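Participant: The structure file my_file-v2.cif (mmCIF, C-alpha atoms) is provided below.
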```cif
data_protein
loop_
_atom_site.label_atom_id
_atom_site.label_comp_id
_atom_site.auth_asym_id
_atom_site.auth_seq_id
_atom_site.Cartn_x
_atom_site.Cartn_y
_atom_site.Cartn_z
CA MET X 1 -40.14 -5.88 10.71
CA ASN X 2 -43.70 -6.46 9.50
CA ASN X 3 -45.49 -4.38 6.91
CA SER X 4 -48.29 -2.84 8.88
CA PRO X 5 -50.03 0.23 7.40
CA ASP X 6 -48.23 2.51 9.90
CA LYS X 7 -44.84 1.25 8.88
CA SER X 8 -45.56 1.84 5.22
CA SER X 9 -45.09 5.55 5.85
CA TRP X 10 -41.81 5.21 7.71
CA GLU X 11 -39.78 5.88 4.62
CA GLU X 12 -41.32 9.31 4.18
CA LYS X 13 -40.90 9.98 7.87
CA ILE X 14 -37.23 9.00 7.73
CA ASN X 15 -36.71 11.32 4.77
CA ALA X 16 -38.54 14.07 6.58
CA LEU X 17 -36.43 13.45 9.67
CA LEU X 18 -33.23 13.74 7.66
CA ASP X 19 -34.46 16.96 6.09
CA GLY X 20 -35.47 18.40 9.46
CA GLU X 21 -39.10 18.56 8.42
CA LEU X 22 -40.55 16.61 11.34
CA ASN X 23 -41.84 18.55 14.29
CA GLU X 24 -40.85 17.51 17.79
CA GLU X 25 -43.89 15.36 18.34
CA GLN X 26 -43.52 13.53 15.03
CA ALA X 27 -39.82 12.92 15.67
CA LYS X 28 -40.54 11.55 19.14
CA SER X 29 -43.17 9.27 17.68
CA LEU X 30 -40.71 7.93 15.09
CA TRP X 31 -37.95 7.35 17.66
CA ALA X 32 -40.44 5.65 19.99
CA ALA X 33 -41.42 3.31 17.17
CA ALA X 34 -37.72 2.69 16.48
CA GLU X 35 -37.19 1.68 20.11
CA ARG X 36 -39.85 -0.97 19.71
CA ASP X 37 -38.65 -2.16 16.31
CA SER X 38 -34.95 -2.90 15.86
CA ALA X 39 -35.33 -3.11 12.06
CA LEU X 40 -36.72 0.42 11.94
CA ASP X 41 -34.01 1.60 14.32
CA GLY X 42 -31.36 0.06 12.06
CA ALA X 43 -32.95 1.58 8.97
CA ILE X 44 -32.92 5.05 10.52
CA ASN X 45 -29.28 4.74 11.52
CA GLU X 46 -28.44 3.46 8.04
CA ALA X 47 -30.31 6.32 6.43
CA VAL X 48 -28.59 8.91 8.60
CA GLU X 49 -25.12 7.58 7.78
CA LEU X 50 -25.81 7.32 4.06
CA HIS X 51 -27.33 10.77 4.10
CA ARG X 52 -24.00 12.03 5.46
CA VAL X 53 -22.05 10.21 2.75
CA VAL X 54 -24.27 11.57 -0.01
CA ALA X 55 -24.05 15.06 1.46
CA LYS X 56 -20.24 14.91 1.31
CA LEU X 57 -20.10 13.81 -2.31
CA GLN X 58 -18.86 16.41 -4.78
CA PHE X 59 -21.70 16.31 -7.27
CA ASN X 60 -19.91 18.78 -9.51
CA ASP X 61 -17.16 16.23 -10.09
CA MET X 62 -19.43 13.58 -11.54
CA PRO X 63 -21.81 13.46 -14.48
CA ARG X 64 -24.75 15.77 -13.88
CA SER X 65 -27.27 13.01 -14.48
CA LEU X 66 -25.70 10.82 -11.83
CA GLY X 67 -25.59 13.62 -9.30
CA ARG X 68 -29.25 14.36 -10.01
CA LYS X 69 -30.08 10.69 -9.60
CA LEU X 70 -28.32 10.53 -6.26
CA ARG X 71 -30.20 13.56 -4.98
CA GLN X 72 -33.49 12.09 -6.09
CA ILE X 73 -33.07 8.66 -4.50
CA PRO X 74 -34.24 9.66 -1.04
CA ARG X 75 -37.38 11.04 -2.68
CA GLN X 76 -38.23 8.23 -5.05
CA THR X 77 -40.74 5.71 -3.89
CA SER X 78 -42.95 3.45 -5.87
CA ALA X 79 -45.88 1.54 -4.49
CA HIS X 80 -44.38 -1.90 -4.99
CA GLU X 81 -41.13 -0.87 -3.26
CA ARG X 82 -42.90 -0.05 -0.06
CA SER X 83 -43.25 -3.63 1.05
CA GLY X 84 -39.55 -4.18 1.59
CA PHE X 85 -38.39 -0.65 1.22
CA LEU X 86 -36.07 -0.33 4.15
CA GLN X 87 -33.53 -2.84 2.97
CA LEU X 88 -33.96 -2.25 -0.75
CA ARG X 89 -33.95 1.51 -0.72
CA TRP X 90 -30.90 2.18 1.39
CA GLY X 91 -29.04 -0.72 -0.12
CA MET X 92 -29.70 0.90 -3.48
CA VAL X 93 -28.47 4.24 -2.17
CA ALA X 94 -25.27 2.62 -0.91
CA ALA X 95 -24.71 0.87 -4.24
CA THR X 96 -25.33 4.09 -6.15
CA VAL X 97 -23.01 6.02 -3.86
CA LEU X 98 -20.33 3.42 -4.49
CA VAL X 99 -20.75 3.77 -8.26
CA ALA X 100 -20.64 7.53 -7.92
CA LEU X 101 -17.44 7.35 -5.89
CA MET X 102 -15.85 5.05 -8.45
CA ILE X 103 -16.72 7.43 -11.26
CA THR X 104 -15.56 10.43 -9.27
CA VAL X 105 -12.23 8.84 -8.38
CA SER X 106 -11.65 7.67 -11.94
CA GLN X 107 -12.49 11.10 -13.33
CA VAL X 108 -10.79 13.49 -10.99
CA GLY X 109 -8.49 11.32 -8.89
CA PRO X 110 -7.85 12.03 -5.24
CA GLY X 111 -8.96 15.34 -3.85
CA GLU X 112 -6.82 18.26 -2.82
CA PRO X 113 -4.38 17.19 -0.09
CA SER X 114 -4.58 18.94 3.26
CA GLU X 115 -1.79 21.14 4.61
CA ALA X 116 -0.83 18.30 6.96
CA GLU X 117 -0.53 15.89 4.02
CA ILE X 118 1.61 18.38 2.09
CA ALA X 119 3.84 18.87 5.15
CA GLN X 120 4.13 15.09 5.55
CA GLY X 121 4.94 14.77 1.84
CA ARG X 122 7.71 17.32 2.25
CA ARG X 123 9.15 15.38 5.20
CA ASP X 124 8.93 12.14 3.18
CA PHE X 125 10.63 13.82 0.24
CA ASN X 126 13.36 15.11 2.53
CA LEU X 127 13.88 11.61 3.93
CA THR X 128 14.16 10.23 0.38
CA LEU X 129 16.79 12.85 -0.44
CA THR X 130 18.63 11.90 2.73
CA TYR X 131 18.85 8.30 1.57
CA LEU X 132 20.07 9.56 -1.82
CA ALA X 133 22.79 11.51 -0.04
CA ARG X 134 23.81 8.44 1.96
CA ALA X 135 24.11 6.41 -1.23
CA SER X 136 26.33 9.20 -2.54
CA SER X 137 28.68 8.95 0.40
CA ARG X 138 29.06 5.22 -0.31
CA THR X 139 29.84 5.78 -3.96
CA SER X 140 32.15 8.75 -3.61
CA SER X 141 35.26 6.70 -2.81
CA GLN X 142 34.64 4.55 -5.88
CA ILE X 143 34.19 7.63 -8.03
CA ALA X 144 37.38 9.08 -6.64
CA SER X 145 39.39 5.96 -7.43
CA ASN X 146 37.95 5.84 -10.95
CA ILE X 147 38.16 9.45 -12.05
CA GLY X 148 40.56 11.04 -9.62
CA ARG X 149 40.03 12.57 -6.21
CA GLY X 150 40.39 16.13 -7.40
CA PHE X 151 37.78 15.77 -10.07
CA SER X 152 35.44 13.85 -7.78
CA ALA X 153 35.60 16.41 -4.99
CA PRO X 154 32.74 18.56 -6.29
CA VAL X 155 30.48 15.53 -6.56
CA THR X 156 31.13 13.72 -3.33
CA ARG X 157 28.52 15.40 -1.23
CA HIS X 158 25.38 14.27 -2.95
CA THR X 159 24.40 11.45 -5.22
CA VAL X 160 22.71 13.85 -7.53
CA ARG X 161 25.96 15.67 -8.07
CA VAL X 162 27.54 12.35 -8.92
CA ILE X 163 24.68 11.58 -11.27
CA SER X 164 24.77 15.00 -12.79
CA ASP X 165 28.46 14.83 -13.66
CA GLN X 166 28.21 11.25 -14.84
CA PHE X 167 25.27 12.24 -16.97
CA LYS X 168 27.32 14.98 -18.59
CA LEU X 169 30.23 12.60 -19.17
CA ASN X 170 27.92 10.07 -20.78
CA ARG X 171 26.43 12.71 -23.01
CA GLU X 172 29.85 13.84 -24.16
CA MET Y 173 -25.49 -0.09 8.07
CA ASN Y 174 -21.94 -0.53 9.21
CA LYS Y 175 -21.17 -3.10 6.56
CA TRP Y 176 -22.40 -0.73 3.85
CA MET Y 177 -20.39 2.14 5.22
CA ILE Y 178 -17.29 0.02 5.57
CA ALA Y 179 -17.72 -1.25 2.02
CA VAL Y 180 -18.21 2.25 0.62
CA LEU Y 181 -15.32 3.82 2.52
CA THR Y 182 -12.99 0.90 1.89
CA ALA Y 183 -13.81 1.03 -1.80
CA THR Y 184 -13.18 4.78 -1.85
CA LEU Y 185 -9.76 4.51 -0.21
CA SER Y 186 -8.77 1.48 -2.29
CA LEU Y 187 -9.84 3.13 -5.51
CA SER Y 188 -7.91 6.27 -4.70
CA ALA Y 189 -4.72 4.35 -3.89
CA MET Y 190 -5.17 2.05 -6.88
CA ALA Y 191 -5.73 4.99 -9.19
CA GLN Y 192 -2.44 6.58 -8.09
CA GLN Y 193 -0.54 3.30 -8.23
CA ASP Y 194 -1.92 2.45 -11.68
CA GLU Y 195 -1.02 5.94 -12.85
CA LEU Y 196 2.58 5.53 -11.70
CA GLU Y 197 2.97 2.03 -13.15
CA GLU Y 198 2.16 3.37 -16.61
CA LEU Y 199 5.09 5.79 -16.54
CA PRO Y 200 8.38 4.83 -18.24
CA GLY Y 201 10.39 5.81 -15.16
CA TYR Y 202 8.49 3.43 -12.86
CA VAL Y 203 10.36 0.38 -11.56
CA GLU Y 204 8.91 -2.57 -9.68
CA PHE Y 205 11.37 -3.58 -6.96
CA GLY Y 206 9.75 -6.90 -6.14
CA GLU Y 207 9.00 -8.31 -2.75
CA LEU Y 208 11.31 -8.54 0.27
CA LYS Y 209 8.70 -8.42 3.03
CA SER Y 210 8.64 -12.18 3.35
CA VAL Y 211 12.37 -12.13 4.20
CA TYR Y 212 12.84 -8.92 6.19
CA GLY Y 213 9.32 -8.17 7.37
CA GLU Y 214 7.64 -4.81 6.94
CA PRO Y 215 9.91 -2.11 5.47
CA LYS Y 216 11.29 0.34 8.06
CA VAL Y 217 10.60 3.13 5.58
CA MET Y 218 8.02 2.98 2.84
CA ILE Y 219 7.18 6.18 1.00
CA ASN Y 220 4.98 6.59 -2.06
CA ILE Y 221 4.40 10.18 -3.11
CA GLY Y 222 2.16 10.55 -6.15
CA GLY Y 223 2.12 13.28 -8.75
CA THR Y 224 -0.85 15.06 -7.25
CA LEU Y 225 0.79 15.54 -3.88
CA LEU Y 226 4.09 16.52 -5.51
CA ASN Y 227 2.29 19.17 -7.53
CA PHE Y 228 0.72 20.60 -4.40
CA MET Y 229 4.08 20.47 -2.61
CA GLY Y 230 5.53 22.40 -5.53
CA ALA Y 231 2.75 24.96 -5.38
CA ALA Y 232 3.41 25.34 -1.67
CA SER Y 233 7.10 26.09 -2.37
CA LYS Y 234 6.59 29.48 -4.02
CA HIS Y 235 9.39 30.97 -1.91
CA ASP Y 236 11.69 28.23 -3.23
CA PRO Y 237 11.61 28.41 -7.05
CA GLU Y 238 14.12 25.58 -7.59
CA ALA Y 239 12.14 23.20 -5.42
CA ALA Y 240 8.89 24.30 -7.05
CA ALA Y 241 10.30 23.70 -10.53
CA LEU Y 242 11.68 20.31 -9.60
CA LEU Y 243 8.54 19.11 -7.82
CA LYS Y 244 6.35 20.33 -10.66
CA ASN Y 245 8.05 17.95 -13.08
CA LEU Y 246 8.18 14.95 -10.77
CA GLN Y 247 5.45 12.36 -11.13
CA GLY Y 248 6.30 10.05 -8.28
CA VAL Y 249 8.76 9.33 -5.51
CA ARG Y 250 8.99 5.86 -4.01
CA ILE Y 251 11.33 4.41 -1.44
CA ASN Y 252 11.42 1.10 0.40
CA VAL Y 253 13.97 0.51 3.14
CA TYR Y 254 14.36 -2.84 4.89
CA SER Y 255 16.53 -3.72 7.88
CA THR Y 256 18.87 -6.47 6.73
CA GLU Y 257 20.48 -7.12 10.13
CA GLY Y 258 23.53 -8.68 8.53
CA GLN Y 259 21.57 -10.91 6.17
CA THR Y 260 22.37 -9.26 2.89
CA GLY Y 261 21.95 -12.32 0.64
CA PRO Y 262 18.25 -12.00 -0.26
CA ALA Y 263 18.51 -8.23 -0.74
CA LEU Y 264 21.58 -8.54 -2.97
CA GLU Y 265 19.77 -11.24 -4.97
CA GLN Y 266 16.79 -8.93 -5.42
CA LEU Y 267 19.08 -6.05 -6.36
CA THR Y 268 20.67 -8.22 -9.06
CA LYS Y 269 17.26 -9.19 -10.45
CA VAL Y 270 16.20 -5.55 -10.67
CA LYS Y 271 19.56 -4.58 -12.16
CA ASN Y 272 19.20 -7.20 -14.91
CA MET Y 273 15.66 -6.05 -15.60
CA LEU Y 274 16.77 -2.42 -15.88
CA GLN Y 275 19.57 -3.31 -18.28
CA GLU Y 276 17.11 -5.21 -20.45
CA GLN Y 277 14.89 -2.13 -20.48
CA ASP Y 278 17.73 0.16 -21.61
CA TRP Y 279 18.24 1.97 -18.34
CA GLU Y 280 21.69 3.52 -18.15
CA PRO Y 281 23.98 2.39 -15.32
CA ILE Y 282 25.51 5.45 -13.70
CA VAL Y 283 27.32 4.23 -10.62
CA GLN Y 284 28.04 0.66 -9.58
CA VAL Y 285 29.90 -0.13 -6.39
CA ARG Y 286 30.48 -3.72 -5.32
CA GLU Y 287 32.27 -4.69 -2.17
CA THR Y 288 31.97 -7.72 0.07
CA GLY Y 289 28.40 -7.82 1.36
CA GLU Y 290 27.70 -4.34 0.05
CA GLU Y 291 26.50 -3.01 -3.26
CA VAL Y 292 25.24 0.27 -4.67
CA GLN Y 293 23.64 0.58 -8.08
CA ILE Y 294 22.36 3.77 -9.67
CA PHE Y 295 20.47 3.73 -12.95
CA MET Y 296 18.59 6.29 -14.91
CA LYS Y 297 16.16 6.23 -17.79
CA VAL Y 298 16.80 8.80 -20.46
CA ASP Y 299 14.60 9.96 -23.27
CA GLY Y 300 16.51 12.34 -25.50
CA GLU Y 301 18.00 14.96 -23.22
CA ALA Y 302 15.65 14.44 -20.30
CA MET Y 303 15.63 11.86 -17.55
CA GLN Y 304 12.41 9.96 -17.05
CA GLY Y 305 13.40 8.03 -14.00
CA LEU Y 306 16.12 7.43 -11.47
CA VAL Y 307 16.77 4.26 -9.48
CA VAL Y 308 19.10 3.96 -6.54
CA MET Y 309 19.61 0.59 -4.85
CA ALA Y 310 21.96 0.24 -1.91
CA VAL Y 311 22.42 -2.88 0.21
CA ASP Y 312 24.68 -3.37 3.21
CA GLY Y 313 24.64 -5.15 6.56
CA ASP Y 314 22.28 -2.56 8.05
CA GLU Y 315 19.68 -1.98 5.40
CA ALA Y 316 18.49 -2.44 1.84
CA VAL Y 317 17.38 0.79 0.17
CA PHE Y 318 15.37 0.95 -3.05
CA ILE Y 319 14.58 4.41 -4.41
CA ASN Y 320 12.64 5.24 -7.56
CA ILE Y 321 12.15 8.84 -8.65
CA ILE Y 322 9.75 9.14 -11.56
CA GLY Y 323 9.37 12.06 -13.90
CA MET Y 324 11.40 14.71 -15.66
CA ILE Y 325 14.47 15.20 -13.52
CA ASP Y 326 17.10 17.86 -13.93
CA PRO Y 327 20.06 16.57 -11.91
CA SER Y 328 21.55 19.99 -11.20
CA GLN Y 329 18.13 21.22 -10.11
CA LEU Y 330 17.80 18.25 -7.78
CA ALA Y 331 21.19 19.06 -6.28
CA GLU Y 332 20.08 22.63 -5.60
CA VAL Y 333 16.92 21.40 -3.94
CA MET Y 334 18.89 19.01 -1.76
CA GLU Y 335 20.96 21.91 -0.55
CA GLN Y 336 17.85 23.89 0.27
CA PHE Y 337 16.09 21.01 1.97
CA ASP Y 338 19.15 20.88 4.24
CA VAL Y 339 19.57 17.17 3.65
CA ALA Y 340 21.84 15.47 6.17
CA VAL Y 341 23.77 12.36 5.22
CA ASP Y 342 23.53 10.88 8.71
CA LEU Y 343 20.11 9.56 9.73
#
```
Show this structure as structure tokens.

Facilitator:
Amino acid sequence: MNNSPDKSSWEEKINALLDGELNEEQAKSLWAAAERDSALDGAINEAVELHRVVAKLQFNDMPRSLGRKLRQIPRQTSAHERSGFLQLRWGMVAATVLVALMITVSQVGPGEPSEAEIAQGRRDFNLTLTYLARASSRTSSQIASNIGRGFSAPVTRHTVRVISDQFKLNRE
Amino acid sequence: MNKWMIAVLTATLSLSAMAQQDELEELPGYVEFGELKSVYGEPKVMINIGGTLLNFMGAASKHDPEAAALLKNLQGVRINVYSTEGQTGPALEQLTKVKNMLQEQDWEPIVQVRETGEEVQIFMKVDGEAMQGLVVMAVDGDEAVFINIIGMIDPSQLAEVMEQFDVAVDL
């Protein structure tokens, strides 16, 4: 991509495109230019994807100043950045988004699980309990031989019952 | 673009998983079971449920107060199950290593069953009157099972929940 005078305004046009501020003719003109210039085409695609990522970020979960900074990035342009803006700008956005995500994750941890994840968690938990119960069935005969079959009867069904009674015995 | 997106999304997922894993590793009831993948391949069952998901599962169990109370106090549930296909040696060796480690760390042995080619070990970590962690290791000719339940566990409460989850012994 060269730095012709027309291309120096692409950044603003890309921002305007993302914000829905270009009219039909201006948008067509930008897309036509993108068809002729693969670097511009790539920059537009990159901007669109990053715009989606930024839009999904929970700004309330990160420091206010960082959220403000992220919102401002698509607007900030200095004269000396314009020469190589397409790579620098969106690369900077991506790096900033990454930092923001790191801070967000470290501050608030993973987000609220979906109903499907909760249902899967319940199935996983049930499977874990099933394996606990199987371990119990293996240990029950040993318990019976050690402490007597009559006493072991109430604890033979589940490992936790075995553990519970053993725990009480240990405590006593 | 794609490389940036991949980097960002990969970092997000990795950070989330790492944050949960790091959180669990800090807890006194957490136990590292070591590595058996190189011997038995990928585990047939591998479950890691973190505290966040357990809390939400508890909140979703309002109709089941025992389960809600139990899940609320749990901080993690982990299970690895490998198919041994008759080769119990490496799994029993790993079980012994973990058992020795637990004894050094003052875990209490609860049940120990040793038969030819088969072993079951159950340990728990106690702080005062409350359990902080439970470990169940069971190895036989079919599979090697390593379970770690982390958090405040009331055994009788767990038994009640098992009844209500309609847990079957046969898989």

Participant: Kindly indicate which residue among X:Glu24, X:Glu46, X:Leu30, X:Gln120 lies nearest to chain Y, using all atoms listed in the file for the distances.

Facilitator: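 The shortest atom-to-atom distance to chain Y comes from X:Glu46.
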
Participant: Enter the distance from atom CA of Gly323 of chain Y to atom CA of Gln247 of chain Y, in Å, rounded to one decimal.

Facilitator: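 One can read the atom CA of Gly323 of chain Y to atom CA of Gln247 of chain Y distance as 4.8 Å.
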
Participant: Pick out the residues sitting within 7 Å of Gly289 of chain Y, and hand them over as a PDB file with C-alpha atoms, keeping the file's coordinate frame; count only C-alpha atoms, and ignore anything fewer than 4 positions along from it in its own chain.

Facilitator:
```
ATOM      1  CA  THR Y 260      22.370  -9.260   2.890  1.00  0.00           C
ATOM      2  CA  ASP Y 312      24.680  -3.370   3.210  1.00  0.00           C
ATOM      3  CA  GLY Y 313      24.640  -5.150   6.560  1.00  0.00           C
TER       4      GLY Y 313
END
```

Participant: Could you state which residues are captured by the PyMOL selection byres ((chain X and resi 16) around 12) in this file, as a PDB file with C-alpha atoms, in the frame of the given file?

Facilitator:
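So part19.pdb came out as:
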```pdb
ATOM      1  CA  SER X   9     -45.090   5.550   5.850  1.00  0.00           C
ATOM      2  CA  TRP X  10     -41.810   5.210   7.710  1.00  0.00           C
ATOM      3  CA  GLU X  11     -39.780   5.880   4.620  1.00  0.00           C
ATOM      4  CA  GLU X  12     -41.320   9.310   4.180  1.00  0.00           C
ATOM      5  CA  LYS X  13     -40.900   9.980   7.870  1.00  0.00           C
ATOM      6  CA  ILE X  14     -37.230   9.000   7.730  1.00  0.00           C
ATOM      7  CA  ASN X  15     -36.710  11.320   4.770  1.00  0.00           C
ATOM      8  CA  LEU X  17     -36.430  13.450   9.670  1.00  0.00           C
ATOM      9  CA  LEU X  18     -33.230  13.740   7.660  1.00  0.00           C
ATOM     10  CA  ASP X  19     -34.460  16.960   6.090  1.00  0.00           C
ATOM     11  CA  GLY X  20     -35.470  18.400   9.460  1.00  0.00           C
ATOM     12  CA  GLU X  21     -39.100  18.560   8.420  1.00  0.00           C
ATOM     13  CA  LEU X  22     -40.550  16.610  11.340  1.00  0.00           C
ATOM     14  CA  ASN X  23     -41.840  18.550  14.290  1.00  0.00           C
ATOM     15  CA  GLU X  24     -40.850  17.510  17.790  1.00  0.00           C
ATOM     16  CA  GLN X  26     -43.520  13.530  15.030  1.00  0.00           C
ATOM     17  CA  ALA X  27     -39.820  12.920  15.670  1.00  0.00           C
ATOM     18  CA  LEU X  30     -40.710   7.930  15.090  1.00  0.00           C
ATOM     19  CA  ILE X  44     -32.920   5.050  10.520  1.00  0.00           C
ATOM     20  CA  ALA X  47     -30.310   6.320   6.430  1.00  0.00           C
ATOM     21  CA  VAL X  48     -28.590   8.910   8.600  1.00  0.00           C
ATOM     22  CA  HIS X  51     -27.330  10.770   4.100  1.00  0.00           C
ATOM     23  CA  PRO X  74     -34.240   9.660  -1.040  1.00  0.00           C
ATOM     24  CA  ARG X  75     -37.380  11.040  -2.680  1.00  0.00           C
TER      25      ARG X  75
END
```

Participant: Given all atoms listed in the file as the basis, pick out the residue of Y:Lys297, Y:Ile322, Y:Glu287, Y:Ile219 nearest to chain X.

Facilitator: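 For chain X, the nearest of the candidates is Y:Ile219.
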
Participant: Record the distance separating atom CA of Phe295 of chain Y and atom CA of Ala239 of chain Y, expressed in Å with one decimal.

Facilitator: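 Taking atom CA of Phe295 of chain Y and atom CA of Ala239 of chain Y, their separation equals 22.5 Å.
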
Participant: Just checking: using only C-alpha atoms, which residue out of Y:Gln266, Y:Gln277, Y:Gln293, Y:Asn245 ends up closest to chain X?

Facilitator: Y:Gln293

Participant: Using all atoms listed in the file, which of the listed residues (Y:Gly213, Y:Gly222, Y:Gly206, Y:Pro262) sits closest to chain X?

Facilitator: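 Counting all atoms listed in the file, the residue closest to chain X is Y:Gly222.
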
Participant: Which distance in Å separates atom CA of Met229 of chain Y and atom CA of Ile321 of chain Y, to one decimal?

Facilitator: 15.4 Å

Participant: Evaluate the PyMOL selection byres ((chain Y and resi 202) around 10) on the structure here and hand back the selected residues as a PyMOL selection string.

Facilitator: chain Y and resi 195-201+203-205+247-250+297+304-307+320-323

Participant: Using only C-alpha atoms, which of the listed residues (Y:Thr268, Y:Thr224, Y:Ser233, Y:Ser210) sits closest to Arg122 of chain X?

Facilitator: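 Closest to Arg122 of chain X, using only C-alpha atoms: Y:Ser233.
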
Participant: Choose the residue, out of Y:Met309, Y:Val211, Y:Val298, Y:Met273, that has the smallest atom-to-atom separation from Gly261 of chain Y; count only C-alpha atoms.

Facilitator: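 Of the candidates, the smallest distance to Gly261 of chain Y is held by Y:Val211.
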
Participant: Assuming the input is short of atoms at segment 275-290 of chain Y, produce N, CA and C atoms for that part as an mmCIF file, in the frame of the given file.

Facilitator:
```cif
data_model
loop_
_atom_site.group_PDB
_atom_site.id
_atom_site.type_symbol
_atom_site.label_atom_id
_atom_site.label_comp_id
_atom_site.auth_asym_id
_atom_site.auth_seq_id
_atom_site.Cartn_x
_atom_site.Cartn_y
_atom_site.Cartn_z
ATOM 1 N N GLN Y 275 18.673 -3.259 -17.111
ATOM 2 C CA GLN Y 275 19.570 -3.310 -18.280
ATOM 3 C C GLN Y 275 18.821 -3.773 -19.518
ATOM 4 N N GLU Y 276 17.910 -4.742 -19.317
ATOM 5 C CA GLU Y 276 17.110 -5.210 -20.450
ATOM 6 C C GLU Y 276 16.190 -4.113 -20.973
ATOM 7 N N GLN Y 277 15.816 -3.197 -20.079
ATOM 8 C CA GLN Y 277 14.890 -2.130 -20.480
ATOM 9 C C GLN Y 277 15.631 -0.838 -20.841
ATOM 10 N N ASP Y 278 16.926 -0.970 -21.128
ATOM 11 C CA ASP Y 278 17.730 0.160 -21.610
ATOM 12 C C ASP Y 278 17.880 1.297 -20.606
ATOM 13 N N TRP Y 279 17.863 0.959 -19.333
ATOM 14 C CA TRP Y 279 18.240 1.970 -18.340
ATOM 15 C C TRP Y 279 19.757 2.093 -18.376
ATOM 16 N N GLU Y 280 20.251 3.296 -18.112
ATOM 17 C CA GLU Y 280 21.690 3.520 -18.150
ATOM 18 C C GLU Y 280 22.294 3.367 -16.759
ATOM 19 N N PRO Y 281 23.301 2.482 -16.629
ATOM 20 C CA PRO Y 281 23.980 2.390 -15.320
ATOM 21 C C PRO Y 281 24.862 3.610 -15.114
ATOM 22 N N ILE Y 282 24.746 4.233 -13.978
ATOM 23 C CA ILE Y 282 25.510 5.450 -13.700
ATOM 24 C C ILE Y 282 26.641 5.166 -12.723
ATOM 25 N N VAL Y 283 26.306 4.557 -11.613
ATOM 26 C CA VAL Y 283 27.320 4.230 -10.620
ATOM 27 C C VAL Y 283 27.084 2.799 -10.144
ATOM 28 N N GLN Y 284 28.141 2.017 -10.109
ATOM 29 C CA GLN Y 284 28.040 0.660 -9.580
ATOM 30 C C GLN Y 284 29.187 0.438 -8.615
ATOM 31 N N VAL Y 285 28.877 0.142 -7.393
ATOM 32 C CA VAL Y 285 29.900 -0.130 -6.390
ATOM 33 C C VAL Y 285 29.638 -1.509 -5.808
ATOM 34 N N ARG Y 286 30.622 -2.362 -5.886
ATOM 35 C CA ARG Y 286 30.480 -3.720 -5.320
ATOM 36 C C ARG Y 286 31.631 -3.998 -4.373
ATOM 37 N N GLU Y 287 31.286 -4.251 -3.142
ATOM 38 C CA GLU Y 287 32.270 -4.690 -2.170
ATOM 39 C C GLU Y 287 31.671 -5.880 -1.444
ATOM 40 N N THR Y 288 32.463 -6.530 -0.611
ATOM 41 C CA THR Y 288 31.970 -7.720 0.070
ATOM 42 C C THR Y 288 30.733 -7.384 0.918
ATOM 43 N N GLY Y 289 29.628 -8.019 0.578
ATOM 44 C CA GLY Y 289 28.400 -7.820 1.360
ATOM 45 C C GLY Y 289 27.786 -6.442 1.208
ATOM 46 N N GLU Y 290 28.218 -5.708 0.212
ATOM 47 C CA GLU Y 290 27.700 -4.340 0.050
ATOM 48 C C GLU Y 290 27.665 -3.994 -1.431
#
```
